[in-house]
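Following: one structure in structure tokens, then a few remarks.
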Amino acid sequence: MENLRPIGRFLFFSVYTTAIVAEIWLRNAVQGVNMRRSMRVRRRWAIRLLHGVGIRVKQTGEIPDFPCLIVSNHRSYIDPILLLQHVDAYPVAKAELANWPIIGKGAKLAGILYLKRENVKSRAGTLQGISDIIASGYAVILFPEGTTSGVEGTLPFKRGVFQLAAKARFPIVPVAIAFQDQDDYWVGDETFLSHAGRRFRQKQINVSVHYGPIQSGDDPEMLLNNSRQWIEAQLQLS
């Protein structure tokens, strides 16, 4: 049974995700493009997908339902999905995701910002995109460590987005993602298929998502430090 479990979950992941992408595309074709509607469909996808692959989520704190910047520590490829089950938001993701089968197309249809981290112009464009999206009434999800990690707390946060938030006075909501088992961290050179295949064998994967207090102000260092300290404090408690 344990050997068959990852096969069944991969099939569910692929078939269900394909069906949702098709639904969003068809709704756009028939009813016209509506990002709010697409995000609602995506939220339904995230909830059912996580449950279908054995991921059980405990959520604490107040989920933001207003335009803001959501910043979180980064552990795994599923981190954005953990948040997208709760919020209608544009996640910031590596540009390579656009080439992923099915996922890349679905992400574009339901709202995403792609970033080439090594490209200075791309980083500047992403910051401008974040500003425009929040100003238009949506939230943005960002992982300011820049990559996944298995350290006890967090890696140093990139400063750019906190400078943007301070200048534009965007509210920031810190989020701490805590997996019960460190084997669920996706770090190093392990491929997505290798990691997912290994962890999908487990009957259940437990993770906590903690939403923190709103951070606001015109001091970027204060915003960064307060957000990071709150996240690290929650990770120590989890």
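Scheme for the structure tokens: letters A, B, ... for chains in order shown; per-chain residue numbers from 1; ligand numbers from 1 in order shown.
Of all the residues in region 98-191 of chain A, the ones DSSP labels as strand (DSSP E or B) from the backbone are Leu113, Tyr114, Leu115, Ala139, Val140, Ile141, Leu142, Ile172, Val173, Pro174, Val175, Ala176, Ile177, Ala178 and Phe179 of chain A.
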Margin query: Excluding Tyr114 (chain A) and its own-chain neighbours fewer than 3 positions away, which residues fall within 8 Å of it when counting only C-alpha atoms? Please give them as a count of residues only.
Written below: 7
Item checked: Close residues, Gln163 (chain A) itself excluded, 10 Å, only C-alpha atoms, min 4 positions apart in chain, as number ranges by chain -> A: 127, 158-159, 167-169, 218-221, 223-224
Save the residues we just selected, C-alpha atoms, as a tab-separated table (two decimals), in the first residue's frame?
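That gives us again-v5.tsv:
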chain	number	residue	atom	x	y	z
A	127	LEU	CA	9.16	45.21	-7.02
A	158	LYS	CA	16.19	40.33	1.32
A	159	ARG	CA	15.65	44.02	2.03
A	167	LYS	CA	8.03	53.83	1.11
A	168	ALA	CA	4.50	53.00	-0.07
A	169	ARG	CA	3.20	52.28	3.46
A	218	ASP	CA	8.10	53.91	7.22
A	219	ASP	CA	11.25	52.25	8.60
A	220	PRO	CA	12.29	49.30	6.39
A	221	GLU	CA	14.75	47.88	8.93
A	223	LEU	CA	9.60	46.11	9.23
A	224	LEU	CA	12.19	43.50	8.28
Check: Got a sec to tell me which of region 136-206 of chain A DSSP assigns to helix (DSSP H, G or I), as a VMD selection string?
Finding: chain A and resid 160 to 168 182 to 184 192 to 199
Using only C-alpha atoms, which residues of region 102-220 of chain A come within 8 Å of region 11-21 of chain A, and what is the closest atom pair for each, with the distance in Å to one decimal? Give it as a Markdown table, sorted by chain and residue number.
| residue | atom | partner | partner_atom | distance |
| --- | --- | --- | --- | --- |
| A:Ile102 | CA | A:Thr18 | CA | 6.2 |
| A:Ile103 | CA | A:Thr17 | CA | 7.5 |
| A:Lys105 | CA | A:Val21 | CA | 7.3 |
| A:Gly106 | CA | A:Val21 | CA | 5.0 |
| A:Leu109 | CA | A:Val21 | CA | 7.8 |
Note to self: Applying 9 Å and only C-alpha atoms, which residues near Met39 (chain A) remain after dropping the ones on its own chain fewer than 2 positions away? List them as a PyMOL selection string.
What the structure shows: chain A and resi 34-37+41-44+84+87-89+109-111
What are the closest atom pairs, with distances in Å to one decimal, for all residues of region 189-229 of chain A lying within 10 Å of region 143-156 of chain A? Consider only C-alpha atoms, order rows by chain and residue number, and present the result as JSON lines.
{"residue": "A:Leu224", "atom": "CA", "partner": "A:Pro144", "partner_atom": "CA", "distance": 9.4}
{"residue": "A:Asn225", "atom": "CA", "partner": "A:Pro156", "partner_atom": "CA", "distance": 10.0}
{"residue": "A:Arg228", "atom": "CA", "partner": "A:Thr154", "partner_atom": "CA", "distance": 7.6}
{"residue": "A:Gln229", "atom": "CA", "partner": "A:Gly153", "partner_atom": "CA", "distance": 9.2}
Can you spit out the residues from that selection as a PDB file, in the first residue's frame, using C-alpha atoms?
ATOM      1  CA  LEU A 224      12.188  43.500   8.282  1.00  0.00           C
ATOM      2  CA  ASN A 225      13.383  42.847  11.824  1.00  0.00           C
ATOM      3  CA  ARG A 228      11.641  38.044  10.877  1.00  0.00           C
ATOM      4  CA  GLN A 229      11.694  37.995  14.676  1.00  0.00           C
TER       5      GLN A 229
END
Note to self: Give me, as a PyMOL selection string, all polymer residues having an atom no more than 8 Å from Gln59 (chain A), counting only C-alpha atoms and skipping those fewer than 4 positions away in the same chain.
What the structure shows: chain A and resi 208-211
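Using only C-alpha atoms, the shortest contact distance between Asn226 (chain A) and any of A:Ile133, A:Val173, A:Leu83, A:Val207 is found at A:Val173.
We find CA of Gly137 (chain A) and CA of Phe66 (chain A) to be spaced 7.3 Å apart.
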Notebook entry, point to check: Hey, what's within 8 Å of Leu69 (chain A) if we count only C-alpha atoms and toss same-chain stuff fewer than 5 positions away? As a PyMOL selection string, please?
Noted result: chain A and resi 134+139-142+165+170-173
Margin query: What's around region 48-55 of chain A at 7 Å? Count only C-alpha atoms, leave out sequence neighbours fewer than 4 positions away in its own chain, and write the answer as a VMD selection string.
Written below: chain A and resid 9 13 44 200 203 to 206
Output N, CA and C atoms for every residue in that selection, as a PDB file, in the first residue's frame.
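Result written to selection35.pdb:
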ATOM      1  N   ARG A   9      -1.248   9.472  -5.543  1.00  0.00           N
ATOM      2  CA  ARG A   9      -1.244  10.902  -5.248  1.00  0.00           C
ATOM      3  C   ARG A   9      -0.709  11.714  -6.423  1.00  0.00           C
ATOM      4  N   PHE A  13      -2.860  14.515  -8.224  1.00  0.00           N
ATOM      5  CA  PHE A  13      -2.267  15.851  -8.406  1.00  0.00           C
ATOM      6  C   PHE A  13      -2.366  16.276  -9.862  1.00  0.00           C
ATOM      7  N   ARG A  44     -10.122  26.774  -4.105  1.00  0.00           N
ATOM      8  CA  ARG A  44     -10.777  25.460  -4.015  1.00  0.00           C
ATOM      9  C   ARG A  44      -9.800  24.349  -4.394  1.00  0.00           C
ATOM     10  N   PHE A 200       5.345  11.571  -0.446  1.00  0.00           N
ATOM     11  CA  PHE A 200       3.989  11.104  -0.725  1.00  0.00           C
ATOM     12  C   PHE A 200       3.767   9.675  -0.233  1.00  0.00           C
ATOM     13  N   LYS A 203       1.651   8.461   5.136  1.00  0.00           N
ATOM     14  CA  LYS A 203       0.194   8.499   5.218  1.00  0.00           C
ATOM     15  C   LYS A 203      -0.300   9.920   5.417  1.00  0.00           C
ATOM     16  N   GLN A 204       0.427  10.708   6.197  1.00  0.00           N
ATOM     17  CA  GLN A 204      -0.020  12.063   6.501  1.00  0.00           C
ATOM     18  C   GLN A 204       1.176  12.974   6.723  1.00  0.00           C
ATOM     19  N   ILE A 205       1.088  14.197   6.237  1.00  0.00           N
ATOM     20  CA  ILE A 205       2.098  15.221   6.445  1.00  0.00           C
ATOM     21  C   ILE A 205       1.444  16.350   7.233  1.00  0.00           C
ATOM     22  N   ASN A 206       2.003  16.685   8.381  1.00  0.00           N
ATOM     23  CA  ASN A 206       1.411  17.699   9.257  1.00  0.00           C
ATOM     24  C   ASN A 206       2.210  18.995   9.195  1.00  0.00           C
TER      25      ASN A 206
END
Margin query: Using only C-alpha atoms, can you tell me which of A:Pro80, A:Leu164, A:Ile214, A:Arg40 comes closest to Glu23 (chain A)?
Written below: A:Arg40
